Amino acid sequence: MAQATFRIWRGDASGGKFQDYTTEVVPGMVVLDAVHAVQASQANDLAVRWNCKAGKCGSCSAEVNGNPRLMCMTRLNELPLDQPVTLEPMKAFPLLRDLVTDVSWNYEVKKSIKPFKPRPPDAPDGTWRMAQADVDRVQEFRKCIECFLCQDVCHVLRDHKLHSKFIGPRFLVYAAALEMHPLDAENRLEGLKDQHGIGFCNITRCCTKVCPEHITITENAIIPLKERVVDRFYDPVTRLLRMLRS
Ligand code: SF4
Ligand code: SF4
Ligand code: FES
């Protein structure tokens with residue numbers, strides 16, 4: 001039976017180091033299977049977060065050979081097993097222990113975004129009318145599993161640590177889902193410009209590249225939001241018209 005070595009980061013916020021574990025691997029295994037095998041036989045105290053093992057709960061996010069990935073969706077046959085497979089926790093969030101980070105900042109950010117506010121019904125029976133194209137446009141954003149891999153890879157959070165000024169790609173997707181919802185009547189543009197820091201995004205597309213749900217974060221969510229902010233606050237013709245109207 002084949003064997004592979006996993007170089008797993010062990011430690012907490014006060015410090016730690018990589019430790020090598022060699023375990024048996026069989027066809028069809030994913031990285032999370034190997035972590036569980038190590039946990040069962042060699043390191044009972046190894047901390048790892050997971051729930052579904054099906055790429056749907058977003059819990060098992062980590063860095064596999066330096067790439068932000070879901071461990072349950074990363075097959076071992078995609079990796080070079082002739083050298084150790086490096087497993088590390090995400091870098092954009094505080095470390096709790098081993099492969100587990102504290103992602104609670106994300107839930108606080110979510111609360112800061114104005115919720116869905118439907119416009120009054122279109123018909124006397126309390127129903128609305130929507131174009132199918134407008135409905136389809138936001139469906140993609142609803143695939144998000146909140147794995148926060150896009151947050152992890154975004155240099156604004158990962159390297160510059162601007163968590164107090166920038167909500168990150170996940171929540172720009174969330175804001176886009178609300179802003180572009182055909183029934184929504186709320187205005188989030190001022191928040192996006194100021195409190196939520198959309199201007200910090202310089203469209204490097206790193207977030208789009210790592211999204212396991214293949215959401216086109218930059219082109220379909222962030223760029224249209226940036227255009228709306230620019231139209232609202234920086235377009236001189238729109239500003240003049242608004243001043244004349246007021
Ligand atoms: S495109 Fe913007 S949000 Fe996405 S990783 Fe780059 S800077 Fe961050
Ligand atoms: S947008 Fe994609 S990468 Fe970001 S949290 Fe959602 S599923 Fe994960
Ligand atoms: S365990 Fe649920 S996404 Fe990996």
# chains A, B, ... in the order shown; residues from 1 in each chain; ligands from 1
>>> closest_atom_pairs(of="region 83-146 of chain A", to="region 44-53 of chain A", cutoff="12 Å", atoms="only C-alpha atoms", output="Markdown table")
| residue | atom | partner | partner_atom | distance |
| --- | --- | --- | --- | --- |
| A:Leu87 | CA | A:Val48 | CA | 10.8 |
| A:Glu88 | CA | A:Val48 | CA | 10.5 |
| A:Pro89 | CA | A:Val48 | CA | 9.2 |
| A:Met90 | CA | A:Val48 | CA | 11.8 |
| A:Leu95 | CA | A:Ala47 | CA | 11.1 |
| A:Leu96 | CA | A:Ala47 | CA | 8.9 |
| A:Arg97 | CA | A:Ala47 | CA | 6.1 |
| A:Asp98 | CA | A:Ala47 | CA | 5.4 |
| A:Leu99 | CA | A:Val48 | CA | 5.3 |
| A:Val100 | CA | A:Val48 | CA | 5.6 |
| A:Thr101 | CA | A:Arg49 | CA | 8.9 |
| A:Asp102 | CA | A:Arg49 | CA | 10.7 |
| A:Val103 | CA | A:Arg49 | CA | 11.5 |
| A:Ile145 | CA | A:Cys52 | CA | 11.5 |
>>> write_last_selection(atoms="N, CA and C atoms", output="PDB file, in the first residue's frame")
ATOM      1  N   LEU A  87       0.264  21.284   4.977  1.00  0.00           N
ATOM      2  CA  LEU A  87      -1.075  21.715   5.399  1.00  0.00           C
ATOM      3  C   LEU A  87      -0.934  22.786   6.467  1.00  0.00           C
ATOM      4  N   GLU A  88      -1.553  23.939   6.193  1.00  0.00           N
ATOM      5  CA  GLU A  88      -1.468  25.073   7.128  1.00  0.00           C
ATOM      6  C   GLU A  88      -2.852  25.684   7.320  1.00  0.00           C
ATOM      7  N   PRO A  89      -3.052  26.392   8.427  1.00  0.00           N
ATOM      8  CA  PRO A  89      -4.324  27.096   8.605  1.00  0.00           C
ATOM      9  C   PRO A  89      -4.384  28.326   7.700  1.00  0.00           C
ATOM     10  N   MET A  90      -5.608  28.863   7.516  1.00  0.00           N
ATOM     11  CA  MET A  90      -5.747  30.110   6.755  1.00  0.00           C
ATOM     12  C   MET A  90      -4.981  31.220   7.461  1.00  0.00           C
ATOM     13  N   LEU A  95      -5.390  32.577  14.535  1.00  0.00           N
ATOM     14  CA  LEU A  95      -5.253  31.118  14.705  1.00  0.00           C
ATOM     15  C   LEU A  95      -5.812  30.696  16.062  1.00  0.00           C
ATOM     16  N   LEU A  96      -6.600  29.632  16.069  1.00  0.00           N
ATOM     17  CA  LEU A  96      -7.025  29.040  17.337  1.00  0.00           C
ATOM     18  C   LEU A  96      -6.047  27.919  17.693  1.00  0.00           C
ATOM     19  N   ARG A  97      -6.040  26.877  16.840  1.00  0.00           N
ATOM     20  CA  ARG A  97      -5.076  25.797  17.078  1.00  0.00           C
ATOM     21  C   ARG A  97      -4.910  24.948  15.810  1.00  0.00           C
ATOM     22  N   ASP A  98      -3.694  24.548  15.522  1.00  0.00           N
ATOM     23  CA  ASP A  98      -3.368  23.663  14.390  1.00  0.00           C
ATOM     24  C   ASP A  98      -3.968  24.193  13.077  1.00  0.00           C
ATOM     25  N   LEU A  99      -4.992  23.513  12.551  1.00  0.00           N
ATOM     26  CA  LEU A  99      -5.552  23.926  11.261  1.00  0.00           C
ATOM     27  C   LEU A  99      -6.808  24.791  11.416  1.00  0.00           C
ATOM     28  N   VAL A 100      -7.128  25.171  12.637  1.00  0.00           N
ATOM     29  CA  VAL A 100      -8.401  25.859  12.901  1.00  0.00           C
ATOM     30  C   VAL A 100      -8.170  27.339  13.205  1.00  0.00           C
ATOM     31  N   THR A 101      -8.876  28.193  12.448  1.00  0.00           N
ATOM     32  CA  THR A 101      -8.788  29.635  12.697  1.00  0.00           C
ATOM     33  C   THR A 101     -10.131  30.152  13.207  1.00  0.00           C
ATOM     34  N   ASP A 102     -10.094  31.340  13.786  1.00  0.00           N
ATOM     35  CA  ASP A 102     -11.305  31.991  14.296  1.00  0.00           C
ATOM     36  C   ASP A 102     -11.864  32.882  13.183  1.00  0.00           C
ATOM     37  N   VAL A 103     -12.955  32.434  12.568  1.00  0.00           N
ATOM     38  CA  VAL A 103     -13.525  33.185  11.440  1.00  0.00           C
ATOM     39  C   VAL A 103     -14.700  34.065  11.872  1.00  0.00           C
ATOM     40  N   ILE A 145     -20.720  29.185  -0.056  1.00  0.00           N
ATOM     41  CA  ILE A 145     -20.798  28.284   1.113  1.00  0.00           C
ATOM     42  C   ILE A 145     -20.071  28.880   2.331  1.00  0.00           C
TER      43      ILE A 145
END
>>> residues_around(residues="Leu157 (chain A)", least_positions_apart="6", cutoff="8 Å", atoms="only C-alpha atoms", output="list in words")
Ala92, Gln151, His163, Phe166 and Gly168 of chain A
>>> write_last_selection(atoms="all heavy atoms", output="short mmCIF file (atom, residue, chain, number, x, y, z; two decimals), in the first residue's frame")
data_model
loop_
_atom_site.label_atom_id
_atom_site.label_comp_id
_atom_site.auth_asym_id
_atom_site.auth_seq_id
_atom_site.Cartn_x
_atom_site.Cartn_y
_atom_site.Cartn_z
N ALA A 92 -5.56 34.72 7.00
CA ALA A 92 -6.21 36.02 7.15
C ALA A 92 -6.98 36.16 8.46
O ALA A 92 -7.54 37.23 8.73
CB ALA A 92 -7.16 36.25 5.97
N GLN A 151 -11.59 35.31 1.18
CA GLN A 151 -11.11 36.28 2.17
C GLN A 151 -9.64 35.99 2.51
O GLN A 151 -8.83 36.90 2.66
CB GLN A 151 -11.93 36.18 3.46
CG GLN A 151 -13.43 36.29 3.31
CD GLN A 151 -13.89 37.73 3.10
OE1 GLN A 151 -13.71 38.30 2.04
NE2 GLN A 151 -14.48 38.32 4.10
N HIS A 163 -8.79 44.61 8.09
CA HIS A 163 -10.11 44.05 8.45
C HIS A 163 -11.07 45.13 8.95
O HIS A 163 -12.28 44.96 8.82
CB HIS A 163 -9.95 42.97 9.52
CG HIS A 163 -9.20 41.77 9.06
ND1 HIS A 163 -7.87 41.80 8.73
CD2 HIS A 163 -9.60 40.49 8.88
CE1 HIS A 163 -7.47 40.59 8.35
NE2 HIS A 163 -8.50 39.79 8.44
N PHE A 166 -12.17 47.04 5.34
CA PHE A 166 -12.55 46.36 4.09
C PHE A 166 -13.27 45.06 4.43
O PHE A 166 -12.77 44.26 5.22
CB PHE A 166 -11.27 46.07 3.29
CG PHE A 166 -11.50 45.37 1.98
CD1 PHE A 166 -12.32 45.93 1.00
CD2 PHE A 166 -10.89 44.16 1.71
CE1 PHE A 166 -12.53 45.29 -0.22
CE2 PHE A 166 -11.08 43.50 0.49
CZ PHE A 166 -11.90 44.08 -0.48
N GLY A 168 -14.02 42.56 2.37
CA GLY A 168 -13.51 41.38 1.66
C GLY A 168 -14.47 40.87 0.59
O GLY A 168 -15.66 41.19 0.57
#
>>> closest_residue(among="A:Asp194, A:His181, A:Pro236, A:Leu162", to="ligand 1", atoms="only C-alpha atoms and all ligand atoms")
A:Leu162
>>> residues_around(residues="Met180 (chain A)", least_positions_apart="4", cutoff="10 Å", atoms="only C-alpha atoms", output="tab-separated table (two decimals) with C-alpha atoms, in the first residue's frame")
chain	number	residue	atom	x	y	z
A	134	ASP	CA	-32.84	39.78	-13.17
A	135	VAL	CA	-33.57	36.69	-11.09
A	137	ARG	CA	-28.27	37.38	-12.34
A	138	VAL	CA	-28.15	36.92	-8.55
A	175	ALA	CA	-23.79	42.91	-0.94
A	176	ALA	CA	-24.08	42.32	-4.70
A	184	ASP	CA	-34.58	45.13	-3.18
A	185	ALA	CA	-35.11	48.83	-2.52
A	221	ALA	CA	-20.07	41.14	-8.21
A	224	PRO	CA	-20.63	46.13	-11.10
A	225	LEU	CA	-20.69	47.35	-7.48
>>> closest_residue(among="A:Asp159, A:Asp152, A:Glu227, A:Glu179", to="ligand 2", atoms="only C-alpha atoms and all ligand atoms")
A:Asp152
>>> residues_around(residues="Cys147 (chain A)", least_positions_apart="3", cutoff="10 Å", atoms="only C-alpha atoms", output="compact mmCIF listing (two decimals) with N, CA, C and O atoms, in the first residue's frame")
# COMPACT_ATOMS: atom_id res chain seq x y z
N GLY A 55 -17.95 19.36 0.39
CA GLY A 55 -17.75 20.66 -0.25
C GLY A 55 -18.91 21.60 -0.09
O GLY A 55 -19.07 22.53 -0.89
N LYS A 56 -19.74 21.41 0.93
CA LYS A 56 -20.93 22.25 1.03
C LYS A 56 -21.03 23.06 2.32
O LYS A 56 -21.78 24.02 2.38
N CYS A 57 -20.29 22.68 3.37
CA CYS A 57 -20.43 23.43 4.63
C CYS A 57 -19.41 24.55 4.76
O CYS A 57 -19.59 25.48 5.54
N GLY A 58 -18.32 24.48 3.99
CA GLY A 58 -17.31 25.53 4.02
C GLY A 58 -16.43 25.52 5.27
O GLY A 58 -15.75 26.49 5.55
N SER A 59 -16.42 24.40 6.03
CA SER A 59 -15.68 24.38 7.30
C SER A 59 -14.21 24.02 7.16
O SER A 59 -13.41 24.43 7.99
N CYS A 60 -13.87 23.20 6.16
CA CYS A 60 -12.55 22.56 6.17
C CYS A 60 -11.51 23.36 5.38
O CYS A 60 -10.55 22.78 4.88
N SER A 61 -11.70 24.66 5.29
CA SER A 61 -10.76 25.52 4.54
C SER A 61 -9.39 25.51 5.20
O SER A 61 -9.27 25.62 6.43
N ALA A 62 -8.36 25.37 4.37
CA ALA A 62 -6.98 25.41 4.85
C ALA A 62 -6.08 25.70 3.65
O ALA A 62 -6.58 25.91 2.54
N ARG A 69 -7.62 25.95 -0.10
CA ARG A 69 -8.45 24.87 -0.66
C ARG A 69 -9.38 24.33 0.42
O ARG A 69 -9.12 24.44 1.61
N LEU A 70 -10.47 23.69 -0.04
CA LEU A 70 -11.28 22.86 0.86
C LEU A 70 -10.57 21.51 0.96
O LEU A 70 -10.34 20.85 -0.06
N VAL A 103 -12.96 32.43 12.57
CA VAL A 103 -13.53 33.18 11.44
C VAL A 103 -14.70 34.07 11.87
O VAL A 103 -15.46 34.54 11.04
N CYS A 144 -22.65 30.68 -2.62
CA CYS A 144 -21.55 30.82 -1.65
C CYS A 144 -21.76 29.92 -0.43
O CYS A 144 -22.85 29.89 0.14
N CYS A 150 -11.81 32.96 -0.25
CA CYS A 150 -11.57 34.21 -0.99
C CYS A 150 -11.06 35.29 -0.04
O CYS A 150 -10.18 36.08 -0.41
N GLN A 151 -11.59 35.31 1.18
CA GLN A 151 -11.11 36.28 2.17
C GLN A 151 -9.64 35.99 2.51
O GLN A 151 -8.83 36.90 2.66
N ASP A 152 -9.32 34.70 2.61
CA ASP A 152 -7.97 34.29 2.99
C ASP A 152 -6.94 34.73 1.95
O ASP A 152 -5.82 35.11 2.31
N ARG A 170 -15.95 37.99 -0.04
CA ARG A 170 -17.16 37.24 0.30
C ARG A 170 -18.33 38.20 0.53
O ARG A 170 -19.46 37.95 0.10
N CYS A 211 -12.26 30.38 -5.55
CA CYS A 211 -13.62 30.07 -5.08
C CYS A 211 -14.04 28.66 -5.49
O CYS A 211 -14.13 28.34 -6.67
N PRO A 212 -14.32 27.77 -4.52
CA PRO A 212 -14.68 26.40 -4.87
C PRO A 212 -16.05 26.31 -5.54
O PRO A 212 -16.36 25.28 -6.14
N GLU A 213 -16.87 27.35 -5.41
CA GLU A 213 -18.18 27.36 -6.06
C GLU A 213 -18.12 28.05 -7.43
O GLU A 213 -19.15 28.24 -8.07
>>> closest_residue(among="A:Asn65, A:Ser112, A:Asn202, A:Thr74", to="ligand 3", atoms="only C-alpha atoms and all ligand atoms")
A:Thr74
>>> closest_residue(among="A:Phe93, A:Gln3, A:Phe148, A:Asp136", to="ligand 3", atoms="only C-alpha atoms and all ligand atoms")
A:Phe148
>>> atom_distance(atom1="CA of Thr127 (chain A)", atom2="CA of Pro115 (chain A)")
20.0 Å
>>> residues_near_ligand(ligand="ligand 1", cutoff="10 Å", atoms="only C-alpha atoms and all ligand atoms", output="PyMOL selection string")
chain A and resi 149-158+166-173+198-210+217-219+221-223
>>> select_by_dssp(residues="region 90-225 of chain A", states="strand (DSSP E or B)", output="ChimeraX atom specification")
/A:95-97,100-101,118,184
>>> select_by_dssp(residues="region 31-215 of chain A", states="helix (DSSP H, G or I)", output="NGL selection string")
:A and (31-41 or 71-73 or 76-78 or 104-111 or 132-143 or 149-153 or 155-158 or 169-179 or 189-193 or 198-200 or 206-210)
>>> closest_residue(among="A:Tyr21, A:His214, A:Leu240, A:Lys193", to="Arg228 (chain A)", atoms="only C-alpha atoms")
A:Lys193
>>> closest_residue(among="A:Asp125, A:Glu140, A:Glu146, A:Glu78", to="ligand 3", atoms="only C-alpha atoms and all ligand atoms")
A:Glu146
>>> decode(residues="region 28-53 of chain A", atoms="N, CA, C and O atoms", output="PDB file, in the first residue's frame")
ATOM      1  N   GLY A  28      -8.692   7.473  -4.366  1.00  0.00           N
ATOM      2  CA  GLY A  28      -9.965   8.101  -3.999  1.00  0.00           C
ATOM      3  C   GLY A  28      -9.882   8.961  -2.752  1.00  0.00           C
ATOM      4  O   GLY A  28     -10.821   9.689  -2.436  1.00  0.00           O
ATOM      5  N   MET A  29      -8.766   8.887  -2.022  1.00  0.00           N
ATOM      6  CA  MET A  29      -8.665   9.682  -0.785  1.00  0.00           C
ATOM      7  C   MET A  29      -8.540  11.168  -1.085  1.00  0.00           C
ATOM      8  O   MET A  29      -7.930  11.566  -2.080  1.00  0.00           O
ATOM      9  N   VAL A  30      -9.104  11.972  -0.186  1.00  0.00           N
ATOM     10  CA  VAL A  30      -8.917  13.425  -0.231  1.00  0.00           C
ATOM     11  C   VAL A  30      -8.022  13.829   0.946  1.00  0.00           C
ATOM     12  O   VAL A  30      -7.766  13.012   1.849  1.00  0.00           O
ATOM     13  N   VAL A  31      -7.579  15.073   0.927  1.00  0.00           N
ATOM     14  CA  VAL A  31      -6.669  15.545   1.982  1.00  0.00           C
ATOM     15  C   VAL A  31      -7.300  15.357   3.366  1.00  0.00           C
ATOM     16  O   VAL A  31      -6.636  14.927   4.316  1.00  0.00           O
ATOM     17  N   LEU A  32      -8.602  15.639   3.484  1.00  0.00           N
ATOM     18  CA  LEU A  32      -9.242  15.521   4.798  1.00  0.00           C
ATOM     19  C   LEU A  32      -9.214  14.071   5.297  1.00  0.00           C
ATOM     20  O   LEU A  32      -9.071  13.829   6.499  1.00  0.00           O
ATOM     21  N   ASP A  33      -9.313  13.086   4.389  1.00  0.00           N
ATOM     22  CA  ASP A  33      -9.200  11.675   4.803  1.00  0.00           C
ATOM     23  C   ASP A  33      -7.834  11.424   5.432  1.00  0.00           C
ATOM     24  O   ASP A  33      -7.727  10.723   6.450  1.00  0.00           O
ATOM     25  N   ALA A  34      -6.806  11.973   4.812  1.00  0.00           N
ATOM     26  CA  ALA A  34      -5.448  11.761   5.330  1.00  0.00           C
ATOM     27  C   ALA A  34      -5.297  12.424   6.701  1.00  0.00           C
ATOM     28  O   ALA A  34      -4.691  11.850   7.620  1.00  0.00           O
ATOM     29  N   VAL A  35      -5.872  13.609   6.845  1.00  0.00           N
ATOM     30  CA  VAL A  35      -5.805  14.298   8.141  1.00  0.00           C
ATOM     31  C   VAL A  35      -6.515  13.465   9.205  1.00  0.00           C
ATOM     32  O   VAL A  35      -6.016  13.305  10.330  1.00  0.00           O
ATOM     33  N   HIS A  36      -7.647  12.893   8.843  1.00  0.00           N
ATOM     34  CA  HIS A  36      -8.376  12.052   9.807  1.00  0.00           C
ATOM     35  C   HIS A  36      -7.575  10.798  10.161  1.00  0.00           C
ATOM     36  O   HIS A  36      -7.586  10.352  11.311  1.00  0.00           O
ATOM     37  N   ALA A  37      -6.885  10.234   9.163  1.00  0.00           N
ATOM     38  CA  ALA A  37      -6.061   9.043   9.435  1.00  0.00           C
ATOM     39  C   ALA A  37      -4.933   9.392  10.404  1.00  0.00           C
ATOM     40  O   ALA A  37      -4.650   8.640  11.356  1.00  0.00           O
ATOM     41  N   VAL A  38      -4.316  10.542  10.192  1.00  0.00           N
ATOM     42  CA  VAL A  38      -3.244  10.996  11.092  1.00  0.00           C
ATOM     43  C   VAL A  38      -3.814  11.234  12.483  1.00  0.00           C
ATOM     44  O   VAL A  38      -3.239  10.812  13.509  1.00  0.00           O
ATOM     45  N   GLN A  39      -4.970  11.870  12.525  1.00  0.00           N
ATOM     46  CA  GLN A  39      -5.605  12.189  13.811  1.00  0.00           C
ATOM     47  C   GLN A  39      -5.953  10.902  14.570  1.00  0.00           C
ATOM     48  O   GLN A  39      -5.777  10.810  15.786  1.00  0.00           O
ATOM     49  N   ALA A  40      -6.427   9.898  13.847  1.00  0.00           N
ATOM     50  CA  ALA A  40      -6.864   8.651  14.492  1.00  0.00           C
ATOM     51  C   ALA A  40      -5.692   7.835  15.023  1.00  0.00           C
ATOM     52  O   ALA A  40      -5.807   7.182  16.069  1.00  0.00           O
ATOM     53  N   SER A  41      -4.557   7.868  14.319  1.00  0.00           N
ATOM     54  CA  SER A  41      -3.495   6.920  14.674  1.00  0.00           C
ATOM     55  C   SER A  41      -2.247   7.555  15.279  1.00  0.00           C
ATOM     56  O   SER A  41      -1.468   6.886  15.945  1.00  0.00           O
ATOM     57  N   GLN A  42      -2.028   8.859  15.019  1.00  0.00           N
ATOM     58  CA  GLN A  42      -0.749   9.437  15.455  1.00  0.00           C
ATOM     59  C   GLN A  42      -0.867  10.733  16.249  1.00  0.00           C
ATOM     60  O   GLN A  42       0.074  11.100  16.950  1.00  0.00           O
ATOM     61  N   ALA A  43      -1.976  11.467  16.062  1.00  0.00           N
ATOM     62  CA  ALA A  43      -2.062  12.787  16.709  1.00  0.00           C
ATOM     63  C   ALA A  43      -3.513  13.041  17.108  1.00  0.00           C
ATOM     64  O   ALA A  43      -4.231  13.796  16.459  1.00  0.00           O
ATOM     65  N   ASN A  44      -3.932  12.407  18.182  1.00  0.00           N
ATOM     66  CA  ASN A  44      -5.331  12.534  18.622  1.00  0.00           C
ATOM     67  C   ASN A  44      -5.732  13.965  18.956  1.00  0.00           C
ATOM     68  O   ASN A  44      -6.911  14.301  18.954  1.00  0.00           O
ATOM     69  N   ASP A  45      -4.749  14.788  19.252  1.00  0.00           N
ATOM     70  CA  ASP A  45      -5.051  16.162  19.648  1.00  0.00           C
ATOM     71  C   ASP A  45      -4.961  17.148  18.473  1.00  0.00           C
ATOM     72  O   ASP A  45      -5.017  18.353  18.668  1.00  0.00           O
ATOM     73  N   LEU A  46      -4.832  16.650  17.258  1.00  0.00           N
ATOM     74  CA  LEU A  46      -4.749  17.527  16.087  1.00  0.00           C
ATOM     75  C   LEU A  46      -6.106  18.198  15.857  1.00  0.00           C
ATOM     76  O   LEU A  46      -7.118  17.515  15.699  1.00  0.00           O
ATOM     77  N   ALA A  47      -6.113  19.540  15.839  1.00  0.00           N
ATOM     78  CA  ALA A  47      -7.378  20.270  15.670  1.00  0.00           C
ATOM     79  C   ALA A  47      -7.635  20.523  14.189  1.00  0.00           C
ATOM     80  O   ALA A  47      -6.786  21.068  13.491  1.00  0.00           O
ATOM     81  N   VAL A  48      -8.820  20.104  13.738  1.00  0.00           N
ATOM     82  CA  VAL A  48      -9.237  20.332  12.350  1.00  0.00           C
ATOM     83  C   VAL A  48     -10.758  20.512  12.356  1.00  0.00           C
ATOM     84  O   VAL A  48     -11.462  19.816  13.085  1.00  0.00           O
ATOM     85  N   ARG A  49     -11.243  21.470  11.549  1.00  0.00           N
ATOM     86  CA  ARG A  49     -12.697  21.715  11.520  1.00  0.00           C
ATOM     87  C   ARG A  49     -13.267  21.161  10.219  1.00  0.00           C
ATOM     88  O   ARG A  49     -12.702  21.394   9.149  1.00  0.00           O
ATOM     89  N   TRP A  50     -14.346  20.435  10.323  1.00  0.00           N
ATOM     90  CA  TRP A  50     -15.023  19.913   9.135  1.00  0.00           C
ATOM     91  C   TRP A  50     -16.440  19.528   9.541  1.00  0.00           C
ATOM     92  O   TRP A  50     -16.732  19.380  10.726  1.00  0.00           O
ATOM     93  N   ASN A  51     -17.314  19.395   8.585  1.00  0.00           N
ATOM     94  CA  ASN A  51     -18.666  18.943   8.872  1.00  0.00           C
ATOM     95  C   ASN A  51     -19.227  18.011   7.815  1.00  0.00           C
ATOM     96  O   ASN A  51     -19.622  16.910   8.117  1.00  0.00           O
ATOM     97  N   CYS A  52     -19.271  18.475   6.561  1.00  0.00           N
ATOM     98  CA  CYS A  52     -20.041  17.728   5.558  1.00  0.00           C
ATOM     99  C   CYS A  52     -19.222  16.723   4.769  1.00  0.00           C
ATOM    100  O   CYS A  52     -19.753  15.745   4.276  1.00  0.00           O
ATOM    101  N   LYS A  53     -17.948  16.984   4.588  1.00  0.00           N
ATOM    102  CA  LYS A  53     -17.081  16.164   3.721  1.00  0.00           C
ATOM    103  C   LYS A  53     -17.629  16.091   2.298  1.00  0.00           C
ATOM    104  O   LYS A  53     -17.460  15.097   1.606  1.00  0.00           O
TER     105      LYS A  53
END
